[in-house]
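Text of entry.cif (mmCIF, C-alpha atoms) as supplied:
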```
data_input
#
loop_
_atom_site.label_atom_id
_atom_site.label_comp_id
_atom_site.auth_asym_id
_atom_site.auth_seq_id
_atom_site.Cartn_x
_atom_site.Cartn_y
_atom_site.Cartn_z
CA MET A 1 168.99 184.40 30.37
CA ASP A 2 167.58 180.96 30.17
CA PRO A 3 163.98 180.99 31.45
CA ARG A 4 164.35 177.46 32.97
CA ILE A 5 166.97 178.83 35.39
CA CYS A 6 164.54 181.44 36.70
CA THR A 7 161.67 179.02 37.33
CA VAL A 8 163.58 176.66 39.61
CA PRO A 9 163.75 178.90 42.69
CA LEU A 10 160.09 179.81 42.35
CA THR A 11 159.13 176.13 42.23
CA VAL A 12 161.17 175.37 45.34
CA MET A 13 159.57 178.24 47.20
CA ALA A 14 156.08 177.09 46.22
CA LEU A 15 156.76 173.56 47.44
CA SER A 16 158.15 174.89 50.70
CA CYS A 17 155.02 176.93 51.29
CA GLN A 18 152.75 173.99 50.50
CA PHE A 19 154.70 171.74 52.89
CA ALA A 20 154.46 174.31 55.65
CA PHE A 21 150.68 174.59 55.26
CA ALA A 22 150.30 170.74 55.07
CA THR A 23 152.24 170.05 58.26
CA THR A 24 150.26 172.54 60.30
CA PRO A 25 148.06 170.41 62.71
CA PRO A 26 144.28 170.91 62.45
CA ALA A 27 142.45 172.51 65.31
CA LYS A 28 141.10 169.96 67.82
CA PRO A 29 137.33 170.00 68.44
CA LYS A 30 136.09 170.74 71.90
CA PRO A 31 135.21 167.78 74.24
CA LYS A 32 131.56 168.81 74.49
CA THR A 33 131.29 168.75 70.72
CA GLN A 34 132.74 165.19 70.60
CA ILE A 35 130.30 163.92 73.24
CA GLU A 36 127.36 165.40 71.36
CA GLN A 37 128.53 163.81 68.10
CA LEU A 38 128.90 160.38 69.76
CA ARG A 39 125.43 160.66 71.32
CA GLN A 40 123.88 161.44 67.95
CA ALA A 41 125.72 158.51 66.32
CA ASN A 42 124.48 156.16 69.06
CA GLN A 43 120.89 157.28 68.56
CA GLN A 44 121.17 156.73 64.83
CA GLN A 45 122.52 153.18 65.34
CA ALA A 46 119.71 152.36 67.80
CA ALA A 47 117.13 153.58 65.30
CA LYS A 48 118.67 151.41 62.58
CA LEU A 49 118.64 148.32 64.86
CA ALA A 50 114.98 148.87 65.74
CA ALA A 51 114.12 149.16 62.05
CA LEU A 52 116.00 145.93 61.29
CA GLU A 53 114.21 144.05 64.09
CA ALA A 54 110.85 145.21 62.75
CA GLN A 55 111.80 143.99 59.27
CA ILE A 56 112.91 140.59 60.63
CA GLN A 57 109.63 140.11 62.51
CA SER A 58 107.68 141.05 59.40
CA LEU A 59 109.67 138.59 57.29
CA GLN A 60 109.17 135.79 59.83
CA LYS A 61 105.43 136.39 59.83
CA THR A 62 105.33 136.38 56.04
CA VAL A 63 107.38 133.15 55.81
CA SER A 64 105.10 131.45 58.34
CA GLU A 65 101.98 132.42 56.37
CA LEU A 66 103.54 131.23 53.10
CA ASN A 67 104.55 127.87 54.63
CA SER A 68 101.00 127.37 55.89
CA LYS A 69 99.53 128.16 52.47
CA PHE A 70 101.97 125.86 50.65
CA ALA A 71 101.28 123.06 53.15
CA LEU A 72 97.57 123.29 52.34
CA VAL A 73 98.32 123.23 48.62
CA ALA A 74 100.88 120.41 48.86
CA ALA A 75 98.49 117.93 50.48
CA PRO A 76 95.97 117.78 47.57
CA ALA A 77 98.78 117.87 45.04
CA ALA A 78 100.56 114.96 46.69
CA ALA A 79 97.31 113.02 46.88
CA GLN A 80 96.69 113.67 43.19
CA VAL A 81 100.20 112.51 42.29
CA THR A 82 99.67 109.37 44.35
CA ARG A 83 96.38 108.61 42.60
CA ASN A 84 97.97 109.19 39.20
CA ALA A 85 100.84 106.87 40.07
CA ALA A 86 98.52 104.19 41.38
CA ALA A 87 96.15 104.28 38.37
CA PRO A 88 98.00 105.45 35.24
CA THR A 89 95.84 106.58 32.31
CA VAL A 90 96.24 105.55 28.68
CA VAL A 91 97.66 108.34 26.47
CA ALA A 92 96.76 108.53 22.79
CA SER A 93 99.59 107.94 20.36
CA ASN A 94 99.28 111.43 18.90
CA GLN A 95 99.61 113.11 22.30
CA ALA A 96 102.87 113.84 24.04
CA PRO A 97 103.19 112.44 27.55
CA GLN A 98 102.94 115.04 30.30
CA ALA A 99 105.76 115.46 32.74
CA ALA A 100 105.05 114.53 36.31
CA VAL A 101 104.54 117.53 38.54
CA ALA A 102 106.40 117.37 41.85
CA PRO A 103 104.61 118.69 44.90
CA PRO A 104 105.76 122.16 45.93
CA ARG A 105 108.36 122.31 48.65
CA PRO A 106 108.01 124.63 51.61
CA LEU A 107 110.21 127.70 51.69
CA LEU A 108 111.87 126.56 54.91
CA PRO A 109 112.67 123.02 56.07
CA PRO A 110 110.25 121.69 58.70
CA LEU A 111 111.31 121.93 62.32
CA PRO A 112 112.42 118.68 63.98
CA PRO A 113 109.85 117.14 66.37
CA ALA A 114 110.21 117.87 70.05
CA ALA A 115 112.55 115.50 71.82
CA GLU A 116 110.67 112.85 73.79
CA PRO A 117 112.06 111.24 76.94
CA GLU A 118 114.00 108.14 76.12
CA THR A 119 112.21 105.01 77.29
CA LYS A 120 114.36 102.09 78.28
CA THR A 121 113.09 98.64 77.51
CA SER A 122 114.38 95.40 78.85
CA GLY A 123 114.27 93.80 75.43
CA ASP A 124 117.55 95.41 74.39
CA ALA A 125 119.23 95.00 77.79
CA PRO A 126 121.61 92.15 78.59
CA LYS A 127 120.10 89.09 80.29
CA SER A 128 121.99 89.88 83.49
CA VAL A 129 120.30 93.31 83.68
CA GLU A 130 116.88 91.72 83.08
CA ASP A 131 117.54 89.38 86.01
CA ILE A 132 118.42 92.36 88.21
CA TYR A 133 115.14 94.06 87.28
CA GLN A 134 113.13 90.92 87.97
CA ALA A 135 114.81 90.28 91.32
CA ALA A 136 114.46 93.92 92.44
CA SER A 137 110.90 94.64 91.33
CA GLY A 138 109.45 91.12 91.24
CA PHE A 139 108.14 91.92 87.74
CA SER A 140 108.82 89.32 85.08
CA SER A 141 109.82 90.37 81.57
CA SER A 142 107.88 87.54 79.88
CA ARG A 143 104.22 86.59 79.65
CA TYR A 144 104.59 83.42 81.71
CA SER A 145 107.26 82.59 84.27
CA PHE A 146 107.85 79.98 86.94
CA GLU A 147 110.28 80.26 89.81
CA ALA A 148 111.55 77.62 92.21
CA GLY A 149 113.46 78.85 95.25
CA LEU A 150 115.10 77.02 98.14
CA THR A 151 116.04 78.87 101.34
CA TYR A 152 117.94 77.63 104.38
CA SER A 153 117.84 79.76 107.55
CA HIS A 154 119.78 79.19 110.76
CA TYR A 155 118.89 80.70 114.14
CA ASP A 156 121.05 80.46 117.26
CA THR A 157 119.64 82.39 120.22
CA ARG A 158 120.54 82.47 123.91
CA GLU A 159 118.28 83.62 126.71
CA LEU A 160 119.09 84.19 130.36
CA LYS A 161 116.26 83.19 132.72
CA LEU A 162 116.11 84.25 136.36
CA ASN A 163 113.72 82.52 138.76
CA GLY A 164 114.09 83.99 142.25
CA PHE A 165 114.44 87.32 144.07
CA LEU A 166 117.01 89.87 145.25
CA ALA A 167 118.02 89.92 148.90
CA LEU A 168 119.38 93.18 150.32
CA ASP A 169 119.11 94.64 146.81
CA SER A 170 122.34 92.97 145.75
CA ILE A 171 122.14 89.21 146.35
CA PHE A 172 120.08 87.04 143.97
CA LEU A 173 118.49 84.00 145.53
CA GLY A 174 116.99 81.48 143.15
CA ASN A 175 117.74 79.66 139.88
CA ILE A 176 119.72 81.09 136.97
CA ASN A 177 119.32 79.27 133.68
CA LEU A 178 120.91 80.01 130.35
CA ASP A 179 118.65 78.61 127.65
CA ARG A 180 119.76 78.16 124.09
CA THR A 181 117.73 77.50 120.96
CA LYS A 182 119.05 76.41 117.57
CA GLN A 183 116.62 76.27 114.67
CA ASP A 184 117.04 75.27 111.05
CA THR A 185 114.31 76.11 108.56
CA TYR A 186 114.09 74.81 104.99
CA THR A 187 111.62 76.49 102.64
CA LEU A 188 110.82 75.52 99.06
CA ASP A 189 108.95 78.35 97.33
CA LEU A 190 107.06 77.56 94.12
CA THR A 191 105.90 80.73 92.34
CA GLY A 192 103.98 81.17 89.11
CA ARG A 193 103.57 84.53 87.34
CA TYR A 194 101.31 85.62 84.51
CA SER A 195 101.56 88.98 82.70
CA PRO A 196 98.61 89.59 80.34
CA THR A 197 100.08 93.00 79.42
CA PRO A 198 103.51 94.56 79.90
CA ARG A 199 102.15 96.54 82.88
CA TRP A 200 100.07 93.95 84.76
CA GLN A 201 101.25 90.82 86.54
CA PHE A 202 99.47 88.20 88.63
CA GLU A 203 101.28 85.68 90.79
CA ILE A 204 100.72 82.86 93.25
CA SER A 205 103.33 81.45 95.62
CA ALA A 206 103.11 78.25 97.66
CA PRO A 207 105.83 77.50 100.26
CA ILE A 208 106.71 74.05 101.52
CA VAL A 209 108.26 74.38 105.00
CA ALA A 210 110.35 71.93 107.04
CA ARG A 211 111.78 72.84 110.46
CA HIS A 212 114.12 71.37 113.04
CA ALA A 213 114.82 72.86 116.48
CA ASN A 214 117.13 71.98 119.38
CA TYR A 215 116.50 73.38 122.86
CA PHE A 216 119.12 73.44 125.63
CA SER A 217 118.87 74.38 129.30
CA GLY A 218 121.00 73.87 132.38
CA GLY A 219 120.00 71.82 135.41
CA ALA A 220 119.67 68.31 134.02
CA GLY A 221 119.32 65.83 136.87
CA GLY A 222 119.43 68.66 139.37
CA ALA A 223 123.09 69.44 138.57
CA SER A 224 123.95 72.98 137.55
CA THR A 225 126.75 71.76 135.29
CA SER A 226 124.53 69.41 133.25
CA LEU A 227 122.43 70.37 130.24
CA SER A 228 118.97 69.25 129.27
CA GLU A 229 118.25 68.91 125.58
CA GLY A 230 115.06 68.54 123.61
CA THR A 231 114.51 68.17 119.87
CA VAL A 232 111.44 68.96 117.78
CA SER A 233 111.13 68.39 114.03
CA ARG A 234 108.51 69.23 111.46
CA SER A 235 108.34 67.28 108.23
CA PRO A 236 107.68 69.28 105.04
CA LYS A 237 104.21 70.83 105.14
CA LEU A 238 102.39 73.52 103.22
CA GLY A 239 102.93 77.05 104.53
CA ASP A 240 100.88 80.20 103.94
CA VAL A 241 99.95 80.55 100.25
CA THR A 242 100.22 84.08 98.84
CA VAL A 243 98.41 85.52 95.83
CA GLY A 244 99.13 88.97 94.46
CA VAL A 245 98.86 91.48 91.65
CA ALA A 246 101.42 94.04 90.51
CA TYR A 247 101.08 97.06 88.23
CA LYS A 248 103.94 98.90 86.55
CA LEU A 249 102.99 102.48 87.32
CA LEU A 250 105.89 104.16 85.48
CA GLN A 251 108.26 102.86 82.81
CA GLU A 252 111.88 103.87 83.37
CA THR A 253 113.16 106.86 81.41
CA THR A 254 116.34 108.92 81.68
CA ASP A 255 114.78 110.89 84.56
CA ILE A 256 112.14 108.59 86.07
CA PRO A 257 112.78 105.21 87.76
CA ASP A 258 110.84 102.09 86.92
CA THR A 259 107.98 102.14 89.45
CA THR A 260 105.87 99.13 90.42
CA VAL A 261 103.04 98.92 92.95
CA SER A 262 101.79 95.59 94.29
CA VAL A 263 99.15 94.08 96.56
CA ASN A 264 99.57 90.59 98.05
CA VAL A 265 97.13 88.57 100.13
CA ARG A 266 98.46 85.96 102.56
CA THR A 267 96.14 83.06 103.33
CA PRO A 268 96.25 81.01 106.58
CA THR A 269 96.93 77.66 104.91
CA GLY A 270 99.89 76.77 107.16
CA LYS A 271 99.90 75.50 110.73
CA GLU A 272 99.21 78.40 113.12
CA PRO A 273 101.50 78.96 116.14
CA TYR A 274 98.59 79.13 118.61
CA GLY A 275 97.26 76.27 120.70
CA ILE A 276 100.54 74.31 120.45
CA LYS A 277 101.12 72.62 123.82
CA LEU A 278 104.39 72.56 125.75
CA ARG A 279 105.87 69.47 127.34
CA GLU A 280 108.63 69.01 129.87
CA VAL A 281 111.86 67.39 128.77
CA ASP A 282 112.69 64.27 130.75
CA ASP A 283 115.17 64.70 133.61
CA SER A 284 115.20 68.49 133.24
CA GLN A 285 113.74 69.16 136.69
CA GLY A 286 111.16 71.44 135.09
CA ASN A 287 113.81 73.76 133.62
CA LEU A 288 113.14 72.97 129.96
CA MET A 289 109.74 73.08 128.28
CA ILE A 290 109.56 72.52 124.53
CA PRO A 291 106.64 72.64 122.03
CA THR A 292 105.08 69.43 120.82
CA GLU A 293 105.19 70.63 117.20
CA LEU A 294 106.42 73.56 115.13
CA PRO A 295 104.23 75.95 113.09
CA THR A 296 104.56 76.54 109.35
CA GLY A 297 102.46 79.71 109.03
CA ASN A 298 101.02 82.74 110.82
CA GLY A 299 97.46 81.49 111.06
CA ALA A 300 95.82 84.75 109.94
CA TRP A 301 94.78 86.58 106.80
CA GLY A 302 97.15 89.38 105.85
CA VAL A 303 97.44 92.07 103.18
CA THR A 304 100.73 93.58 102.02
CA THR A 305 100.97 96.70 99.86
CA GLY A 306 104.32 97.55 98.34
CA LEU A 307 106.17 100.01 96.15
CA ALA A 308 109.36 99.12 94.24
CA LEU A 309 111.68 101.52 92.38
CA VAL A 310 114.44 100.51 89.95
CA LYS A 311 116.77 102.99 88.20
CA THR A 312 119.71 102.45 85.88
CA VAL A 313 122.73 104.60 86.72
CA ASP A 314 125.26 103.26 84.26
CA PRO A 315 127.09 101.01 84.96
CA ALA A 316 124.99 100.15 88.04
CA VAL A 317 121.33 99.54 88.81
CA ILE A 318 119.97 100.93 92.07
CA PHE A 319 116.69 99.81 93.61
CA GLY A 320 114.55 100.34 96.66
CA ASN A 321 111.28 99.07 98.07
CA ILE A 322 108.87 99.71 100.90
CA GLY A 323 105.86 97.75 102.08
CA TYR A 324 103.29 97.53 104.85
CA THR A 325 101.62 94.34 106.11
CA TYR A 326 98.40 94.23 108.08
CA TYR A 327 96.94 91.07 109.65
CA PHE A 328 93.25 90.71 110.34
CA LYS A 329 91.92 89.57 113.70
CA ASN A 330 91.28 85.85 113.83
CA SER A 331 89.55 83.55 116.30
CA TYR A 332 90.91 80.17 117.43
CA ASP A 333 89.48 77.26 119.35
CA ASP A 334 92.54 77.20 121.60
CA ILE A 335 95.25 79.81 122.22
CA SER A 336 96.77 78.33 125.39
CA SER A 337 100.11 76.51 125.49
CA ASN A 338 99.20 74.69 128.73
CA ALA A 339 98.70 70.99 128.12
CA ASP A 340 95.82 70.83 130.62
CA THR A 341 93.98 73.95 129.39
CA ILE A 342 91.83 74.71 126.37
CA GLN A 343 91.23 78.43 125.99
CA PRO A 344 89.31 79.80 122.99
CA GLY A 345 90.18 83.35 122.07
CA ASP A 346 91.10 85.98 119.51
CA VAL A 347 94.52 87.02 118.22
CA GLN A 348 95.46 90.30 116.53
CA GLN A 349 98.91 89.90 115.05
CA GLY A 350 101.11 92.98 114.93
CA SER A 351 101.42 94.83 111.65
CA SER A 352 104.85 95.32 110.11
CA LEU A 353 106.72 97.85 108.00
CA GLN A 354 109.43 96.57 105.70
CA PHE A 355 111.85 98.52 103.53
CA GLY A 356 115.14 98.02 101.75
CA ALA A 357 117.57 99.35 99.17
CA GLY A 358 120.53 98.12 97.19
CA THR A 359 122.59 98.23 94.05
CA ALA A 360 123.73 95.72 91.43
CA PHE A 361 126.39 95.70 88.72
CA ALA A 362 126.22 93.81 85.44
CA LEU A 363 129.70 92.37 84.95
CA ASN A 364 128.93 90.93 81.52
CA GLU A 365 126.05 89.62 79.44
CA LYS A 366 125.32 86.79 81.90
CA LEU A 367 126.71 87.68 85.32
CA SER A 368 125.83 90.42 87.80
CA LEU A 369 126.60 91.08 91.47
CA GLY A 370 124.41 92.89 93.99
CA LEU A 371 124.41 94.27 97.54
CA SER A 372 121.31 95.25 99.51
CA TYR A 373 119.96 96.02 102.96
CA SER A 374 116.50 95.12 104.24
CA GLN A 375 114.69 95.74 107.50
CA GLN A 376 111.33 94.80 109.00
CA LEU A 377 109.74 96.44 112.05
CA VAL A 378 107.03 94.33 113.71
CA ARG A 379 104.60 95.65 116.29
CA LYS A 380 103.40 93.64 119.29
CA SER A 381 100.63 91.11 118.89
CA ARG A 382 97.57 91.08 121.13
CA VAL A 383 95.49 88.21 122.48
CA ARG A 384 92.12 88.07 124.14
CA GLY A 385 90.60 85.11 125.89
CA GLU A 386 86.94 84.41 125.34
CA GLY A 387 85.05 87.14 127.18
CA GLY A 388 88.27 88.76 128.46
CA PRO A 389 90.19 91.98 127.71
CA TRP A 390 92.97 92.44 125.17
CA SER A 391 96.55 92.03 126.38
CA ASP A 392 99.92 92.41 124.65
CA VAL A 393 102.08 89.37 123.98
CA THR A 394 105.43 89.97 125.65
CA GLY A 395 108.36 89.71 123.24
CA SER A 396 106.20 89.59 120.11
CA ASP A 397 107.59 92.84 118.68
CA ALA A 398 110.72 92.52 116.56
CA ASN A 399 113.30 94.39 114.53
CA VAL A 400 114.65 92.18 111.76
CA ALA A 401 117.53 93.64 109.74
CA THR A 402 119.71 91.80 107.21
CA PHE A 403 122.55 92.56 104.83
CA ASN A 404 122.34 90.68 101.53
CA VAL A 405 125.02 89.69 99.04
CA GLY A 406 123.81 88.08 95.84
CA MET A 407 124.44 87.45 92.19
CA THR A 408 122.55 86.47 89.06
CA TYR A 409 123.78 84.13 86.35
CA ALA A 410 121.94 83.63 83.07
CA VAL A 411 122.21 79.96 82.16
CA SER A 412 120.24 80.51 78.96
CA LYS A 413 117.84 82.97 77.42
CA ASN A 414 115.01 81.63 79.59
CA LEU A 415 116.69 80.23 82.72
CA SER A 416 118.68 82.08 85.38
CA ILE A 417 120.23 81.17 88.74
CA ILE A 418 120.11 83.69 91.60
CA PRO A 419 122.06 82.74 94.76
CA ASN A 420 121.93 85.04 97.80
CA LEU A 421 123.47 85.23 101.27
CA ALA A 422 121.64 87.16 104.01
CA ILE A 423 123.50 88.05 107.21
CA GLY A 424 121.44 88.91 110.28
CA LEU A 425 122.20 92.25 111.93
CA THR A 426 119.72 92.14 114.85
CA PRO A 427 118.94 89.48 117.50
CA GLU A 428 115.52 88.75 115.96
CA ALA A 429 116.98 88.08 112.51
CA ALA A 430 118.37 84.74 111.40
CA ASN A 431 122.11 84.41 111.93
CA TYR A 432 122.37 83.74 108.22
CA ALA A 433 120.19 82.56 105.38
CA ILE A 434 121.23 81.05 102.07
CA SER A 435 118.81 81.01 99.15
CA LEU A 436 118.89 79.81 95.57
CA LYS A 437 116.24 80.91 93.09
CA MET A 438 115.79 79.66 89.54
CA PRO A 439 113.30 81.73 87.51
CA TYR A 440 112.31 80.35 84.11
CA ASN A 441 110.63 82.64 81.56
CA PHE A 442 108.44 81.08 78.90
#
```
Written as structure tokens, how would this file's structure read?
Amino acid sequence: MDPRICTVPLTVMALSCQFAFATTPPAKPKPKTQIEQLRQANQQQAAKLAALEAQIQSLQKTVSELNSKFALVAAPAAAQVTRNAAAPTVVASNQAPQAAVAPPRPLLPPLPPAAEPETKTSGDAPKSVEDIYQAASGFSSSRYSFEAGLTYSHYDTRELKLNGFLALDSIFLGNINLDRTKQDTYTLDLTGRYSPTPRWQFEISAPIVARHANYFSGGAGGASTSLSEGTVSRSPKLGDVTVGVAYKLLQETTDIPDTTVSVNVRTPTGKEPYGIKLREVDDSQGNLMIPTELPTGNGAWGVTTGLALVKTVDPAVIFGNIGYTYYFKNSYDDISSNADTIQPGDVQQGSSLQFGAGTAFALNEKLSLGLSYSQQLVRKSRVRGEGGPWSDVTGSDANVATFNVGMTYAVSKNLSIIPNLAIGLTPEAANYAISLKMPYNF
């Protein structure tokens, strides 16, 4: 028999047995054993991580010490290389020139310096934005500047006057007059500014004031349907001169607005409103009394402290200001408006609080538009005759609020034109005021 024929069945049987043993599934470990194995593996990984962190800290400390040592070595080496480069020595012809030794480099690149807040300067800003800053803060961007401004204000007020009494609590017996006053005021402001440093500014402003007023009242000639009219004019005269100083407390950054504080002193150089006599208009039957002249100033020393904030919020500029004005007590030879009376006395003008806010947009390099709101709250004034007690002046308190629409136009690098329209929002404010300012920076 052929031996190869006998070995075939045995081989097949061996393979079958091996296949049977291979396909038998291994016994599954118990769950408790698996949990214990996972816990041990987790502990081993935590130990490895702790060891790696300790190695990293040790390496960082070593690198820091090496950088410090190399920095100390690099400074003298660099200085020596600089001296050798500045004063080269003569080498003998039989000596080979030595190669220049470069200063050692630190192991790690130096860290970048800490980021500083970005400071915005007006030098890189468009001229229209500079004009907005100057108009909002009153702070000029140049060393010397001169500004000429012309303002026209119009007032039209009506007042109902009752002279009589009530009968039976419902019937008025007496005279009823409706008085009307129209005033036009023209003011030429001449202002000079000097900035010895970028943070300090000194200024002086001198106004030239001209006024014209029309007064109307019913009852001319004794007829209730007729009007009496009186006119008073004041030719251009010097008003109250103001001198001041401003300090830029904070320069604008990305987080902080441009902040300016100022102190201004108002001098009584204009015509005071006290002691001006009243006269009766002809054929008015005593219904209309008008002043003989018009004042051009307040007649008292005053101090104004202010704070102005300006912040760029691209593409707009927002600004705000607040100020407080205090007038000192002043004595006058005559405070009476009666033509037949001379009454010396003292006057304490009411202090005032003024504030405002607005925004402006730079349309291009030369033109910008702005909107703002301003308000002034004035307390009552007090008068005291010689040797008498203090008494409040009726109607001397006021609430003056205006809404302003303006623009700035840069004619050239040094000259700008700033027109503005102010609309009165309260009875004490002017109905409207139109101004034109022309600042020139030297």
Report as a PDB file with C-alpha atoms, in the frame of the given file the full result of the PyMOL selection byres ((chain A and resi 310) around 6) when it is applied to this structure.
```
ATOM      1  CA  PRO A 257     112.780 105.210  87.760  1.00  0.00           C
ATOM      2  CA  ASP A 258     110.840 102.090  86.920  1.00  0.00           C
ATOM      3  CA  LEU A 309     111.680 101.520  92.380  1.00  0.00           C
ATOM      4  CA  LYS A 311     116.770 102.990  88.200  1.00  0.00           C
ATOM      5  CA  ILE A 318     119.970 100.930  92.070  1.00  0.00           C
ATOM      6  CA  PHE A 319     116.690  99.810  93.610  1.00  0.00           C
TER       7      PHE A 319
END
```
- Message: Could you tell me, as a PyMOL selection string, exactly which residues end up selected when the PyMOL selection byres ((chain A and resi 428) around 10) is applied to this structure?
- Response: chain A and resi 155+157+397-401+424-427+429-431
- Task: Take CA of Ile417 (chain A) and CA of Gln251 (chain A) and report the distance between them in Å, one decimal.
- Result: 25.5 Å
- Counting all atoms listed in the file, which of A:Tyr215, A:Phe328, A:Phe355, A:Phe403 gets nearest to Ser381 (chain A)?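 When distances to Ser381 (chain A) are compared using all atoms listed in the file, the smallest one comes from A:Phe328.
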- Item | Proximity to Phe216 (chain A) - best of A:Thr181, A:Ser233, A:Thr254, A:Thr242, all atoms listed in the file |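 Under the stated criterion, the closest residue is A:Thr181.
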- Query: Restricting the calculation to all atoms listed in the file, which member of A:Thr296, A:Ala210, A:Tyr194, A:Arg234 is positioned closest to Leu150 (chain A)?
  - Reply: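 Closest to Leu150 (chain A) of all the choices is A:Ala210.
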Might you spell out which residues the PyMOL selection byres ((chain A and resi 362) around 12) would select in the displayed file, as a tab-separated table (two decimals) with C-alpha atoms, in the frame of the given file?
```
chain	number	residue	atom	x	y	z
A	125	ALA	CA	119.23	95.00	77.79
A	126	PRO	CA	121.61	92.15	78.59
A	127	LYS	CA	120.10	89.09	80.29
A	128	SER	CA	121.99	89.88	83.49
A	129	VAL	CA	120.30	93.31	83.68
A	130	GLU	CA	116.88	91.72	83.08
A	131	ASP	CA	117.54	89.38	86.01
A	132	ILE	CA	118.42	92.36	88.21
A	133	TYR	CA	115.14	94.06	87.28
A	312	THR	CA	119.71	102.45	85.88
A	313	VAL	CA	122.73	104.60	86.72
A	314	ASP	CA	125.26	103.26	84.26
A	315	PRO	CA	127.09	101.01	84.96
A	316	ALA	CA	124.99	100.15	88.04
A	317	VAL	CA	121.33	99.54	88.81
A	318	ILE	CA	119.97	100.93	92.07
A	359	THR	CA	122.59	98.23	94.05
A	360	ALA	CA	123.73	95.72	91.43
A	361	PHE	CA	126.39	95.70	88.72
A	363	LEU	CA	129.70	92.37	84.95
A	364	ASN	CA	128.93	90.93	81.52
A	365	GLU	CA	126.05	89.62	79.44
A	366	LYS	CA	125.32	86.79	81.90
A	367	LEU	CA	126.71	87.68	85.32
A	368	SER	CA	125.83	90.42	87.80
A	369	LEU	CA	126.60	91.08	91.47
A	370	GLY	CA	124.41	92.89	93.99
A	407	MET	CA	124.44	87.45	92.19
A	408	THR	CA	122.55	86.47	89.06
A	409	TYR	CA	123.78	84.13	86.35
A	410	ALA	CA	121.94	83.63	83.07
```
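Residues within 6 Å of Gly149 (chain A), counting only C-alpha atoms and excluding same-chain residues fewer than 6 positions away, are Leu188, Asp189, Leu436 and Lys437 of chain A.
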Take the residues that were just selected and, keeping C-alpha atoms, output them as a CSV table (one decimal), in the frame of the given file.
```
chain,number,residue,atom,x,y,z
A,188,LEU,CA,110.8,75.5,99.1
A,189,ASP,CA,109.0,78.4,97.3
A,436,LEU,CA,118.9,79.8,95.6
A,437,LYS,CA,116.2,80.9,93.1
```
- Could you give me, as a PyMOL selection string, the residues within 9 Å of region 197-208 of chain A, counting only C-alpha atoms and dropping anything in the same chain fewer than 5 positions from it? chain A and resi 139-143+186-192+236-251+260+264+296
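Using all atoms listed in the file, the shortest contact distance between Thr394 (chain A) and any of A:Gly275, A:Gly270, A:Gly350, A:Gly302 is found at A:Gly350.
Proximity ranking of A:Ser336, A:Asn441, A:Leu288, A:Gly406 relative to Gly358 (chain A) places A:Gly406 first, based on only C-alpha atoms.
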- Task: Find, counting all atoms listed in the file, the residue in A:Pro291, A:Gly299, A:Gly356, A:Gly395 that gets nearest to Lys329 (chain A).
- Result: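 Answer, going by the shortest atom-to-atom distance: A:Gly299.
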So that I can see what lies close to Ile276 (chain A), please list as a JSON list (two decimals) with C-alpha atoms, in the coordinates of the input the residues with an atom at most 9 Å from it, counting only C-alpha atoms and leaving out residues fewer than 4 positions away in the same chain.
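File written: around.json
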```json
[["chain", "number", "residue", "atom", "x", "y", "z"],
["A", 272, "GLU", "CA", 99.21, 78.40, 113.12],
["A", 291, "PRO", "CA", 106.64, 72.64, 122.03],
["A", 292, "THR", "CA", 105.08, 69.43, 120.82],
["A", 293, "GLU", "CA", 105.19, 70.63, 117.20],
["A", 294, "LEU", "CA", 106.42, 73.56, 115.13],
["A", 295, "PRO", "CA", 104.23, 75.95, 113.09],
["A", 334, "ASP", "CA", 92.54, 77.20, 121.60],
["A", 335, "ILE", "CA", 95.25, 79.81, 122.22],
["A", 336, "SER", "CA", 96.77, 78.33, 125.39],
["A", 337, "SER", "CA", 100.11, 76.51, 125.49],
["A", 338, "ASN", "CA", 99.20, 74.69, 128.73],
["A", 339, "ALA", "CA", 98.70, 70.99, 128.12]]
```
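Taking CA of Phe442 (chain A) and CA of Tyr144 (chain A) as the two end points, the separation is 5.3 Å.
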